[in-house]
$ cat run.pdb   # PDB, C-alpha atoms and all ligand atoms
ATOM      1  CA  MET N   1     -17.398   7.480   8.021
ATOM      2  CA  PRO N   2     -15.913   4.937   5.636
ATOM      3  CA  THR N   3     -18.032   3.654   2.798
ATOM      4  CA  THR N   4     -18.942   0.037   2.158
ATOM      5  CA  PRO N   5     -16.750  -1.416  -0.586
ATOM      6  CA  ASP N   6     -18.746  -2.460  -3.629
ATOM      7  CA  ILE N   7     -17.382  -5.855  -4.535
ATOM      8  CA  SER N   8     -20.561  -7.124  -6.152
ATOM      9  CA  ARG N   9     -19.311  -6.684  -9.708
ATOM     10  CA  ALA N  10     -16.420  -9.076  -9.089
ATOM     11  CA  TRP N  11     -18.733 -11.955  -8.165
ATOM     12  CA  PRO N  12     -18.750 -14.835  -8.999
ATOM     13  CA  PRO N  13     -15.021 -15.620  -9.158
ATOM     14  CA  ASP N  14     -13.649 -16.629 -12.538
ATOM     15  CA  ASP N  15     -14.051 -20.251 -13.589
ATOM     16  CA  HIS N  16     -10.327 -20.862 -13.685
ATOM     17  CA  TYR N  17      -9.978 -20.896  -9.902
ATOM     18  CA  SER N  18      -9.510 -24.353  -8.407
ATOM     19  CA  LEU N  19     -12.059 -25.878  -6.068
ATOM     20  CA  LEU N  20      -9.704 -25.340  -3.127
ATOM     21  CA  GLN N  21      -9.224 -21.689  -4.059
ATOM     22  CA  ARG N  22     -12.981 -21.218  -4.304
ATOM     23  CA  CYS N  23     -13.551 -22.839  -0.918
ATOM     24  CA  ARG N  24     -10.897 -20.693   0.732
ATOM     25  CA  SER N  25     -12.311 -17.629  -0.985
ATOM     26  CA  LEU N  26     -15.802 -18.376   0.304
ATOM     27  CA  TYR N  27     -14.479 -18.786   3.834
ATOM     28  CA  HIS N  28     -12.624 -15.449   3.679
ATOM     29  CA  GLU N  29     -15.690 -13.862   2.106
ATOM     30  CA  LEU N  30     -17.763 -14.749   5.171
ATOM     31  CA  TRP N  31     -15.315 -13.118   7.570
ATOM     32  CA  PHE N  32     -14.748 -10.152   5.274
ATOM     33  CA  ARG N  33     -18.445  -9.428   4.949
ATOM     34  CA  LEU N  34     -19.002  -9.929   8.663
ATOM     35  CA  SER N  35     -16.244  -7.468   9.539
ATOM     36  CA  GLU N  36     -17.634  -4.912   7.071
ATOM     37  CA  ARG N  37     -21.095  -5.334   8.590
ATOM     38  CA  ILE N  38     -19.975  -5.064  12.214
ATOM     39  CA  ARG N  39     -17.392  -2.326  11.543
ATOM     40  CA  TRP N  40     -15.710  -2.844  14.834
ATOM     41  CA  SER N  41     -13.951   0.266  16.073
ATOM     42  CA  ARG N  42     -12.763   1.327  19.521
ATOM     43  CA  GLN N  43     -10.390   4.266  19.327
ATOM     44  CA  PRO N  44      -7.175   5.097  17.456
ATOM     45  CA  TYR N  45      -4.516   2.540  18.230
ATOM     46  CA  HIS N  46      -1.016   3.864  18.877
ATOM     47  CA  GLU N  47       2.025   1.626  18.988
ATOM     48  CA  THR N  48       4.349   1.829  21.956
ATOM     49  CA  PRO N  49       7.515   3.493  20.622
ATOM     50  CA  ILE N  50      10.645   1.391  20.884
ATOM     51  CA  GLY N  51      12.729   4.556  21.380
ATOM     52  CA  CYS N  52      15.924   3.000  20.076
ATOM     53  CA  LEU N  53      16.249   0.393  17.314
ATOM     54  CA  ALA N  54      18.135  -2.781  18.184
ATOM     55  CA  GLY N  55      19.847  -5.634  16.366
ATOM     56  CA  LEU N  56      20.874  -3.730  13.241
ATOM     57  CA  THR N  57      23.998  -4.247  11.182
ATOM     58  CA  SER N  58      26.434  -1.397  10.665
ATOM     59  CA  TRP N  59      25.322  -0.724   7.072
ATOM     60  CA  GLN N  60      21.658  -0.595   8.182
ATOM     61  CA  ILE N  61      22.551   1.859  10.953
ATOM     62  CA  ALA N  62      24.501   4.037   8.526
ATOM     63  CA  ARG N  63      21.654   4.124   6.011
ATOM     64  CA  ILE N  64      19.051   4.859   8.678
ATOM     65  CA  ASN N  65      21.199   7.690  10.012
ATOM     66  CA  GLU N  66      21.320   9.222   6.540
ATOM     67  CA  LEU N  67      17.534   9.016   6.218
ATOM     68  CA  GLN N  68      17.034  10.534   9.684
ATOM     69  CA  VAL N  69      19.168  13.529   8.760
ATOM     70  CA  ARG N  70      17.796  13.926   5.238
ATOM     71  CA  TYR N  71      14.115  13.713   6.252
ATOM     72  CA  ASN N  72      14.400  14.965   9.818
ATOM     73  CA  LEU N  73      12.466  12.119  11.390
ATOM     74  CA  ARG N  74      12.862   9.174  13.750
ATOM     75  CA  PHE N  75      10.245   6.475  13.292
ATOM     76  CA  GLU N  76      11.301   4.758  16.536
ATOM     77  CA  THR N  77       9.848   7.654  18.523
ATOM     78  CA  HIS N  78       6.416   6.743  17.108
ATOM     79  CA  TYR N  79       6.459   2.995  16.532
ATOM     80  CA  GLY N  80       7.724  -0.348  17.743
ATOM     81  CA  GLN N  81      10.824  -1.941  16.247
ATOM     82  CA  HIS N  82       9.075  -3.771  13.393
ATOM     83  CA  THR N  83       7.017  -0.836  12.092
ATOM     84  CA  ALA N  84       9.847   1.640  12.565
ATOM     85  CA  LEU N  85      12.274  -0.488  10.563
ATOM     86  CA  ALA N  86       9.638  -1.204   7.903
ATOM     87  CA  ASN N  87       9.070   2.555   7.523
ATOM     88  CA  TYR N  88      12.790   3.176   7.110
ATOM     89  CA  ALA N  89      12.839   0.433   4.477
ATOM     90  CA  TYR N  90      10.017   2.060   2.479
ATOM     91  CA  LEU N  91      11.576   5.516   2.838
ATOM     92  CA  ASP N  92      14.931   4.133   1.763
ATOM     93  CA  LEU N  93      13.326   2.573  -1.298
ATOM     94  CA  LEU N  94      11.594   5.828  -2.242
ATOM     95  CA  HIS N  95      14.745   7.858  -1.681
ATOM     96  CA  GLN N  96      17.051   5.540  -3.570
ATOM     97  CA  ALA N  97      14.642   4.923  -6.438
ATOM     98  CA  TRP N  98      14.164   8.620  -7.122
ATOM     99  CA  THR N  99      17.804   9.532  -6.532
ATOM    100  CA  ASN N 100      19.262   6.770  -8.672
ATOM    101  CA  THR N 101      17.008   7.592 -11.599
ATOM    102  CA  ASN N 102      17.482  11.374 -11.224
ATOM    103  CA  ARG N 103      13.760  11.902 -11.075
ATOM    104  CA  PRO N 104      12.339  15.107  -9.565
ATOM    105  CA  VAL N 105      10.059  14.211  -6.647
ATOM    106  CA  PRO N 106       6.538  15.518  -7.273
ATOM    107  CA  GLN N 107       5.858  17.292  -3.983
ATOM    108  CA  GLY N 108       2.859  19.297  -2.819
ATOM    109  CA  GLY N 109       0.205  17.470  -4.820
ATOM    110  CA  VAL N 110      -2.729  15.191  -4.198
ATOM    111  CA  VAL N 111      -1.380  11.748  -3.313
ATOM    112  CA  ALA N 112      -3.337   8.496  -3.076
ATOM    113  CA  ASP N 113      -2.002   5.123  -1.956
ATOM    114  CA  VAL N 114      -3.893   2.110  -3.308
ATOM    115  CA  GLY N 115      -4.168  -0.910  -1.003
ATOM    116  CA  CYS N 116      -2.591   0.722   2.035
ATOM    117  CA  ALA N 117      -3.553  -2.018   4.570
ATOM    118  CA  ASN N 118      -3.664  -0.136   7.901
ATOM    119  CA  PHE N 119      -1.546   2.636   6.384
ATOM    120  CA  TRP N 120       1.392   1.902   8.695
ATOM    121  CA  TYR N 121       3.675   3.755   6.220
ATOM    122  CA  ALA N 122       1.600   6.956   5.981
ATOM    123  CA  ARG N 123       4.360   8.895   7.776
ATOM    124  CA  THR N 124       6.889   7.781   5.156
ATOM    125  CA  LEU N 125       4.726   8.916   2.222
ATOM    126  CA  HIS N 126       4.003  12.161   4.047
ATOM    127  CA  ALA N 127       7.692  12.905   4.620
ATOM    128  CA  PHE N 128       8.678  12.026   1.069
ATOM    129  CA  PHE N 129       5.923  13.662  -1.011
ATOM    130  CA  ARG N 130       4.991  16.523   1.359
ATOM    131  CA  PRO N 131       1.489  16.206  -0.100
ATOM    132  CA  ALA N 132      -1.343  18.718  -0.185
ATOM    133  CA  THR N 133      -3.516  15.730   0.706
ATOM    134  CA  LEU N 134      -2.642  12.105   1.318
ATOM    135  CA  THR N 135      -5.275   9.372   1.192
ATOM    136  CA  GLY N 136      -4.696   5.716   1.906
ATOM    137  CA  VAL N 137      -7.355   3.479   0.403
ATOM    138  CA  ASP N 138      -8.001  -0.122   1.336
ATOM    139  CA  VAL N 139     -10.881  -2.413   0.507
ATOM    140  CA  GLU N 140     -10.672  -4.070   3.915
ATOM    141  CA  GLY N 141     -11.142  -1.677   6.802
ATOM    142  CA  PHE N 142     -12.343  -3.634   9.764
ATOM    143  CA  ARG N 143     -10.188  -6.708  10.128
ATOM    144  CA  LEU N 144      -9.967  -7.407  13.840
ATOM    145  CA  TYR N 145      -6.492  -7.760  15.338
ATOM    146  CA  PRO N 146      -5.654  -9.908  18.400
ATOM    147  CA  THR N 147      -5.246  -6.635  20.338
ATOM    148  CA  GLY N 148      -9.012  -6.073  20.068
ATOM    149  CA  TYR N 149      -8.471  -3.101  17.759
ATOM    150  CA  SER N 150      -9.487  -3.121  14.109
ATOM    151  CA  ARG N 151      -7.512  -2.120  11.037
ATOM    152  CA  TYR N 152      -9.553   1.095  11.061
ATOM    153  CA  ASP N 153      -8.358   1.871  14.606
ATOM    154  CA  ALA N 154      -4.760   1.149  13.625
ATOM    155  CA  ALA N 155      -5.025   3.371  10.554
ATOM    156  CA  ARG N 156      -6.415   6.222  12.634
ATOM    157  CA  GLY N 157      -3.409   5.857  14.923
ATOM    158  CA  TYR N 158      -0.936   5.848  12.039
ATOM    159  CA  ILE N 159      -2.370   8.970  10.412
ATOM    160  CA  ALA N 160      -2.768  10.871  13.692
ATOM    161  CA  GLY N 161      -0.817  14.116  13.595
ATOM    162  CA  LEU N 162      -0.190  13.970   9.828
ATOM    163  CA  SER N 163      -1.755  16.995   8.156
ATOM    164  CA  GLN N 164      -4.384  16.475   5.442
ATOM    165  CA  THR N 165      -4.056  12.698   5.695
ATOM    166  CA  SER N 166      -6.950  10.249   5.680
ATOM    167  CA  PHE N 167      -7.776   6.566   5.494
ATOM    168  CA  LEU N 168     -10.597   5.539   3.193
ATOM    169  CA  VAL N 169     -12.230   2.124   3.333
ATOM    170  CA  ALA N 170     -13.236   1.517  -0.260
ATOM    171  CA  ASN N 171     -12.616  -0.635  -3.252
ATOM    172  CA  TYR N 172     -10.273   1.593  -5.259
ATOM    173  CA  CYS N 173     -11.976   0.389  -8.450
ATOM    174  CA  GLU N 174     -14.929   2.529  -7.297
ATOM    175  CA  VAL N 175     -12.971   5.603  -6.216
ATOM    176  CA  GLU N 176     -13.332   8.557  -8.575
ATOM    177  CA  THR N 177     -10.862  11.070  -7.171
ATOM    178  CA  LYS N 178      -8.082  12.548  -9.281
ATOM    179  CA  ALA N 179      -4.538  12.398  -7.937
ATOM    180  CA  ASP N 180      -1.167  13.827  -8.964
ATOM    181  CA  VAL N 181       0.646  10.850  -7.502
ATOM    182  CA  ILE N 182      -0.787   7.364  -7.055
ATOM    183  CA  THR N 183       1.320   4.802  -5.248
ATOM    184  CA  ALA N 184       0.782   1.056  -4.968
ATOM    185  CA  TRP N 185       3.076  -1.061  -2.820
ATOM    186  CA  PHE N 186       2.828  -4.729  -3.690
ATOM    187  CA  PRO N 187      -0.653  -4.698  -5.262
ATOM    188  CA  PHE N 188      -2.259  -8.087  -5.899
ATOM    189  CA  VAL N 189      -1.689  -9.161  -9.497
ATOM    190  CA  THR N 190      -2.154 -12.913  -8.989
ATOM    191  CA  PRO N 191      -4.832 -14.694  -6.924
ATOM    192  CA  SER N 192      -2.634 -16.660  -4.469
ATOM    193  CA  PRO N 193      -1.500 -13.642  -2.388
ATOM    194  CA  VAL N 194      -5.134 -12.524  -2.102
ATOM    195  CA  LEU N 195      -5.998 -15.765  -0.341
ATOM    196  CA  ALA N 196      -2.782 -15.661   1.685
ATOM    197  CA  TRP N 197      -3.920 -12.252   2.970
ATOM    198  CA  ARG N 198      -7.195 -13.930   3.999
ATOM    199  CA  LEU N 199      -9.244 -12.005   1.472
ATOM    200  CA  PRO N 200     -11.881 -13.379  -0.913
ATOM    201  CA  LEU N 201     -11.149 -13.551  -4.632
ATOM    202  CA  THR N 202     -14.109 -11.249  -5.164
ATOM    203  CA  VAL N 203     -11.781  -8.341  -4.348
ATOM    204  CA  PHE N 204      -9.279  -9.492  -6.978
ATOM    205  CA  SER N 205      -9.894  -7.548 -10.138
ATOM    206  CA  PRO N 206      -6.553  -6.209 -11.422
ATOM    207  CA  GLU N 207      -7.959  -5.080 -14.792
ATOM    208  CA  ARG N 208     -10.475  -2.814 -13.112
ATOM    209  CA  LEU N 209      -7.923  -1.645 -10.537
ATOM    210  CA  PHE N 210      -5.331  -0.552 -13.108
ATOM    211  CA  ASP N 211      -8.039   0.934 -15.278
ATOM    212  CA  ARG N 212      -9.182   3.074 -12.339
ATOM    213  CA  ILE N 213      -5.608   4.114 -11.576
ATOM    214  CA  ALA N 214      -5.157   5.228 -15.183
ATOM    215  CA  ARG N 215      -8.433   7.187 -15.069
ATOM    216  CA  ASN N 216      -7.676   8.837 -11.732
ATOM    217  CA  LEU N 217      -4.220  10.126 -12.683
ATOM    218  CA  THR N 218      -4.110  13.806 -13.578
ATOM    219  CA  SER N 219      -2.619  14.679 -16.989
ATOM    220  CA  GLN N 220       0.810  15.327 -15.453
ATOM    221  CA  GLY N 221       0.294  12.667 -12.813
ATOM    222  CA  LEU N 222       2.627   9.834 -11.903
ATOM    223  CA  PHE N 223       1.823   6.278 -10.874
ATOM    224  CA  PHE N 224       4.523   4.719  -8.699
ATOM    225  CA  MET N 225       4.358   0.957  -8.217
ATOM    226  CA  VAL N 226       6.466  -1.510  -6.246
ATOM    227  CA  ASN N 227       6.308  -5.235  -6.996
ATOM    228  CA  GLN N 228       7.943  -8.319  -5.531
ATOM    229  CA  GLY N 229      10.563  -9.489  -8.019
ATOM    230  CA  SER N 230      10.641  -9.323 -11.787
ATOM    231  CA  ASP N 231       8.026 -12.037 -12.473
ATOM    232  CA  GLU N 232       5.353 -10.215 -10.504
ATOM    233  CA  ALA N 233       6.502  -6.890 -11.925
ATOM    234  CA  ALA N 234       6.076  -8.262 -15.465
ATOM    235  CA  ILE N 235       2.491  -9.345 -14.730
ATOM    236  CA  ALA N 236       1.745  -5.963 -13.160
ATOM    237  CA  ALA N 237       3.323  -4.151 -16.118
ATOM    238  CA  ASP N 238       1.080  -6.066 -18.469
ATOM    239  CA  TYR N 239      -2.007  -4.898 -16.570
ATOM    240  CA  GLY N 240      -0.601  -1.365 -16.571
ATOM    241  CA  ARG N 241      -0.069  -1.312 -20.337
ATOM    242  CA  ARG N 242      -3.504  -2.804 -21.003
ATOM    243  CA  ALA N 243      -5.022  -0.004 -18.918
ATOM    244  CA  GLY N 244      -3.296   2.510 -21.197
ATOM    245  CA  LEU N 245      -0.531   3.503 -18.809
ATOM    246  CA  GLN N 246       2.880   4.401 -20.244
ATOM    247  CA  LEU N 247       6.018   3.079 -18.604
ATOM    248  CA  VAL N 248       8.400   5.917 -17.760
ATOM    249  CA  ASP N 249      11.167   4.196 -15.826
ATOM    250  CA  ARG N 250      12.100   1.037 -13.932
ATOM    251  CA  TRP N 251      14.526   0.450 -11.097
ATOM    252  CA  VAL N 252      15.374  -2.583  -8.961
ATOM    253  CA  HIS N 253      16.514  -2.113  -5.396
ATOM    254  CA  PRO N 254      19.907  -3.867  -5.098
ATOM    255  CA  ARG N 255      19.987  -3.985  -1.291
ATOM    256  CA  PRO N 256      16.711  -3.328   0.577
ATOM    257  CA  LEU N 257      17.027  -2.220   4.177
ATOM    258  CA  ARG N 258      14.909  -5.207   5.197
ATOM    259  CA  THR N 259      15.568  -8.528   3.518
ATOM    260  CA  ARG N 260      12.807  -9.621   1.157
ATOM    261  CA  PRO N 261      12.301 -12.926  -0.691
ATOM    262  CA  HIS N 262      12.467 -11.049  -4.018
ATOM    263  CA  PRO N 263      14.097  -7.715  -4.828
ATOM    264  CA  PRO N 264      11.560  -4.870  -4.963
ATOM    265  CA  VAL N 265      10.996  -3.706  -8.540
ATOM    266  CA  VAL N 266       9.961  -0.074  -8.886
ATOM    267  CA  THR N 267       8.196   1.370 -11.932
ATOM    268  CA  TRP N 268       6.893   4.838 -12.800
ATOM    269  CA  TRP N 269       3.956   5.334 -15.152
ATOM    270  CA  THR N 270       1.983   8.153 -16.715
ATOM    271  CA  ALA N 271      -1.578   8.091 -18.003
TER     272      ALA N 271
HETATM  273  C1  LIG D 301      -0.164  -7.140  -0.539
HETATM  274  S1  LIG D 301      -1.144  -6.045   0.403
HETATM  275  C2  LIG D 301      -0.058  -4.618   0.462
HETATM  276  C3  LIG D 301      -0.370  -3.714   1.612
HETATM  277  C4  LIG D 301       0.475  -2.446   1.687
HETATM  278  N1  LIG D 301       0.489  -1.730   0.429
HETATM  279  C5  LIG D 301       1.895  -2.716   2.171
HETATM  280  O1  LIG D 301       2.834  -2.444   1.418
HETATM  281  O2  LIG D 301       2.047  -3.205   3.306
HETATM  282  C6  LIG D 301      -2.402  -5.516  -0.714
HETATM  283  C7  LIG D 301      -3.463  -4.660  -0.054
HETATM  284  O3  LIG D 301      -4.329  -4.184  -1.077
HETATM  285  C8  LIG D 301      -5.660  -4.184  -0.596
HETATM  286  N2  LIG D 301      -6.536  -4.226  -1.776
HETATM  287  C9  LIG D 301      -6.685  -5.248  -2.646
HETATM  288  N3  LIG D 301      -7.559  -4.913  -3.623
HETATM  289  C10 LIG D 301      -7.949  -3.640  -3.368
HETATM  290  C11 LIG D 301      -8.853  -2.739  -3.997
HETATM  291  N4  LIG D 301      -9.516  -3.089  -5.081
HETATM  292  N5  LIG D 301      -9.034  -1.516  -3.452
HETATM  293  C12 LIG D 301      -8.370  -1.153  -2.329
HETATM  294  N6  LIG D 301      -7.518  -1.979  -1.678
HETATM  295  C13 LIG D 301      -7.302  -3.200  -2.178
HETATM  296  C14 LIG D 301      -5.726  -5.391   0.314
HETATM  297  O4  LIG D 301      -6.778  -5.309   1.250
HETATM  298  C15 LIG D 301      -4.343  -5.361   0.977
HETATM  299  O5  LIG D 301      -4.371  -4.612   2.157
END

$ encode --input "run.pdb" --output "structure tokens"
Amino acid sequence: MPTTPDISRAWPPDDHYSLLQRCRSLYHELWFRLSERIRWSRQPYHETPIGCLAGLTSWQIARINELQVRYNLRFETHYGQHTALANYAYLDLLHQAWTNTNRPVPQGGVVADVGCANFWYARTLHAFFRPATLTGVDVEGFRLYPTGYSRYDAARGYIAGLSQTSFLVANYCEVETKADVITAWFPFVTPSPVLAWRLPLTVFSPERLFDRIARNLTSQGLFFMVNQGSDEAAIAADYGRRAGLQLVDRWVHPRPLRTRPHPPVVTWWTA
């Protein structure tokens, strides 16, 4: 069973939050705590596969075809249009980032993804890293969706059939498991997105999060981070450096498969 996230050490929120931010945080805190207490769970939720993607441009189709051949998979046989395309976009980013920087992909190791939401992209990480174990960690496990299923149910559906893959409900700041590869896709490094994701500011503790990432990396381990645009990437990099991580490489995706408001900035770090 998942463990209860320990968010007590992050309370109370820092003084520099505005009154409005504090009020919103308190409101989200109520729902967050309620969902963690109730832990609503029915059964694994599986998306209805779309079968065939629609509405793509010719360059998107060409790139998806390349990924299908290279990784021998078809996300549309597992997921609806949105999730299938989002998985291709993450796989495309991984593939292009590693290829364009001539980096050897660390396969066969222990892989952890920090802040995985419902781990809708577990299949992508699995195909790319071919991990010995793959663990998605998120502090919020039991958000209830309009379908009547919880995030936990969705995560169980997304990891179904993937060997040695699990979903852990925990605050990663409290997780003490070593990993050869740690990934973080769009981690919170400023407070506004935390509130936009309907989470309380008590879960926002980037210093502790990056510190834990640095501690959990094995000596040869690699931390792979994706941020939204260069401003956010600069803030994240600052947290990384302060945690003692060493920047290895940086790459900006010139043309993501799915349009984003800011170009994804990829960085690799060692402990
Ligand atoms: C911006 S979302 C990104 C979700 C996912 N990585 C993706 O690309 O769709 C950040 C996620 O990190 C989770 N999170 C924030 N702080 C965390 C922590 N300390 N430990 C684990 N998960 C955390 C949030 O619950 C949220 O799901």

$ residues_near_ligand --input "run.pdb" --ligand "ligand LIG 301 (chain D)" --cutoff "7 Å" --atoms "all atoms listed in the file" --output "number ranges by chain"
N: 114-117, 137-140, 170-173, 184-188, 193, 203-205, 209

$ resolve_selection --input "run.pdb" --expression "the PyMOL selection byres (((chain N and resi 125) around 9) and not hetatm)" --output "PyMOL selection string"
chain N and resi 90-91+94+111+113+121-124+126-131+134

$ resolve_selection --input "run.pdb" --expression "the PyMOL selection byres (((chain N and resi 75-83) around 8) and not hetatm)" --output "list of chain:residue names"
N:His46, N:Glu47, N:Thr48, N:Pro49, N:Ile50, N:Gly51, N:Cys52, N:Leu53, N:Ala54, N:Leu73, N:Arg74, N:Ala84, N:Leu85, N:Ala86, N:Asn87, N:Tyr88, N:Trp120

$ closest_residue --input "run.pdb" --among "N:Gln43, N:Leu30, N:Trp251, N:Ser25" --to "N:Arg156" --atoms "all atoms listed in the file"
N:Gln43

$ atom_distance --input "run.pdb" --atom1 "atom CA of N:Phe210" --atom2 "atom CA of N:Ala243"
5.8 Å

$ resolve_selection --input "run.pdb" --expression "the PyMOL selection byres (((chain N and resi 58-60) around 12) and not hetatm)" --output "PDB file with C-alpha atoms, keeping the file's coordinate frame"
ATOM      1  CA  LEU N  53      16.249   0.393  17.314  1.00  0.00           C
ATOM      2  CA  ALA N  54      18.135  -2.781  18.184  1.00  0.00           C
ATOM      3  CA  GLY N  55      19.847  -5.634  16.366  1.00  0.00           C
ATOM      4  CA  LEU N  56      20.874  -3.730  13.241  1.00  0.00           C
ATOM      5  CA  THR N  57      23.998  -4.247  11.182  1.00  0.00           C
ATOM      6  CA  ILE N  61      22.551   1.859  10.953  1.00  0.00           C
ATOM      7  CA  ALA N  62      24.501   4.037   8.526  1.00  0.00           C
ATOM      8  CA  ARG N  63      21.654   4.124   6.011  1.00  0.00           C
ATOM      9  CA  ILE N  64      19.051   4.859   8.678  1.00  0.00           C
ATOM     10  CA  ASN N  65      21.199   7.690  10.012  1.00  0.00           C
ATOM     11  CA  GLU N  66      21.320   9.222   6.540  1.00  0.00           C
ATOM     12  CA  LEU N  67      17.534   9.016   6.218  1.00  0.00           C
ATOM     13  CA  LEU N  85      12.274  -0.488  10.563  1.00  0.00           C
ATOM     14  CA  TYR N  88      12.790   3.176   7.110  1.00  0.00           C
ATOM     15  CA  ALA N  89      12.839   0.433   4.477  1.00  0.00           C
ATOM     16  CA  ASP N  92      14.931   4.133   1.763  1.00  0.00           C
ATOM     17  CA  ARG N 255      19.987  -3.985  -1.291  1.00  0.00           C
ATOM     18  CA  PRO N 256      16.711  -3.328   0.577  1.00  0.00           C
ATOM     19  CA  LEU N 257      17.027  -2.220   4.177  1.00  0.00           C
ATOM     20  CA  ARG N 258      14.909  -5.207   5.197  1.00  0.00           C
ATOM     21  CA  THR N 259      15.568  -8.528   3.518  1.00  0.00           C
TER      22      THR N 259
END

$ atom_distance --input "run.pdb" --atom1 "atom CA of N:Ser166" --atom2 "atom CA of N:Gly136"
6.3 Å

$ residues_around --input "run.pdb" --residues "stretch 213-217 of chain N" --least-positions-apart "2" --cutoff "7 Å" --atoms "only C-alpha atoms" --output "list in words"
Glu176, Thr177, Lys178, Ala179, Asp180, Leu209, Phe210, Asp211, Ser219, Gly221, Leu222, Ala243, Gly244, Leu245 and Ala271 of chain N

$ write_last_selection --input "run.pdb" --atoms "C-alpha atoms" --output "tab-separated table (two decimals), in the coordinates of the input"
chain	number	residue	atom	x	y	z
N	176	GLU	CA	-13.33	8.56	-8.57
N	177	THR	CA	-10.86	11.07	-7.17
N	178	LYS	CA	-8.08	12.55	-9.28
N	179	ALA	CA	-4.54	12.40	-7.94
N	180	ASP	CA	-1.17	13.83	-8.96
N	209	LEU	CA	-7.92	-1.64	-10.54
N	210	PHE	CA	-5.33	-0.55	-13.11
N	211	ASP	CA	-8.04	0.93	-15.28
N	219	SER	CA	-2.62	14.68	-16.99
N	221	GLY	CA	0.29	12.67	-12.81
N	222	LEU	CA	2.63	9.83	-11.90
N	243	ALA	CA	-5.02	0.00	-18.92
N	244	GLY	CA	-3.30	2.51	-21.20
N	245	LEU	CA	-0.53	3.50	-18.81
N	271	ALA	CA	-1.58	8.09	-18.00

$ closest_residue --input "run.pdb" --among "N:Ser150, N:Ser192, N:Thr267, N:Thr202" --to "N:Leu93" --atoms "all atoms listed in the file"
N:Thr267

$ residues_around --input "run.pdb" --residues "N:Pro261" --least-positions-apart "6" --cutoff "12 Å" --atoms "all atoms listed in the file" --output "list in words"
Asn227, Gln228, Gly229, Ser230 and Arg255 of chain N

$ write_last_selection --input "run.pdb" --atoms "C-alpha atoms" --output "PDB file, keeping the file's coordinate frame"
ATOM      1  CA  ASN N 227       6.308  -5.235  -6.996  1.00  0.00           C
ATOM      2  CA  GLN N 228       7.943  -8.319  -5.531  1.00  0.00           C
ATOM      3  CA  GLY N 229      10.563  -9.489  -8.019  1.00  0.00           C
ATOM      4  CA  SER N 230      10.641  -9.323 -11.787  1.00  0.00           C
ATOM      5  CA  ARG N 255      19.987  -3.985  -1.291  1.00  0.00           C
TER       6      ARG N 255
END

$ residues_near_point --input "run.pdb" --point "(-9.9, -20.3, -1.2)" --cutoff "10 Å" --atoms "only C-alpha atoms" --output "PyMOL selection string"
chain N and resi 17-29+191-192+194-196+198-201

$ atom_distance --input "run.pdb" --atom1 "atom CA of N:Ile159" --atom2 "atom CA of N:Arg208"
27.5 Å

$ closest_residue --input "run.pdb" --among "N:Ser35, N:Gln246, N:Thr147, N:Gln107" --to "N:Val181" --atoms "all atoms listed in the file"
N:Gln107

$ residues_near_point --input "run.pdb" --point "(14.3, 8.6, -8.2)" --cutoff "12 Å" --atoms "only C-alpha atoms" --output "PyMOL selection string"
chain N and resi 91-106+128+224+248-253+266-268

$ closest_residue --input "run.pdb" --among "N:His262, N:Trp40, N:Ala236, N:Asn118" --to "N:Gly157" --atoms "only C-alpha atoms"
N:Asn118

$ closest_residue --input "run.pdb" --among "N:Ser163, N:Ser41, N:Thr133, N:Gln220" --to "N:Trp269" --atoms "only C-alpha atoms"
N:Gln220

$ residues_around --input "run.pdb" --residues "N:Ile38" --least-positions-apart "4" --cutoff "10 Å" --atoms "all atoms listed in the file" --output "PyMOL selection string"
chain N and resi 33-34+142

$ write_last_selection --input "run.pdb" --atoms "C-alpha atoms" --output "tab-separated table (two decimals), in the frame of the given file"
chain	number	residue	atom	x	y	z
N	33	ARG	CA	-18.44	-9.43	4.95
N	34	LEU	CA	-19.00	-9.93	8.66
N	142	PHE	CA	-12.34	-3.63	9.76

$ closest_residue --input "run.pdb" --among "N:Pro206, N:Pro263, N:Pro146, N:Gly161" --to "N:Ala237" --atoms "all atoms listed in the file"
N:Pro206
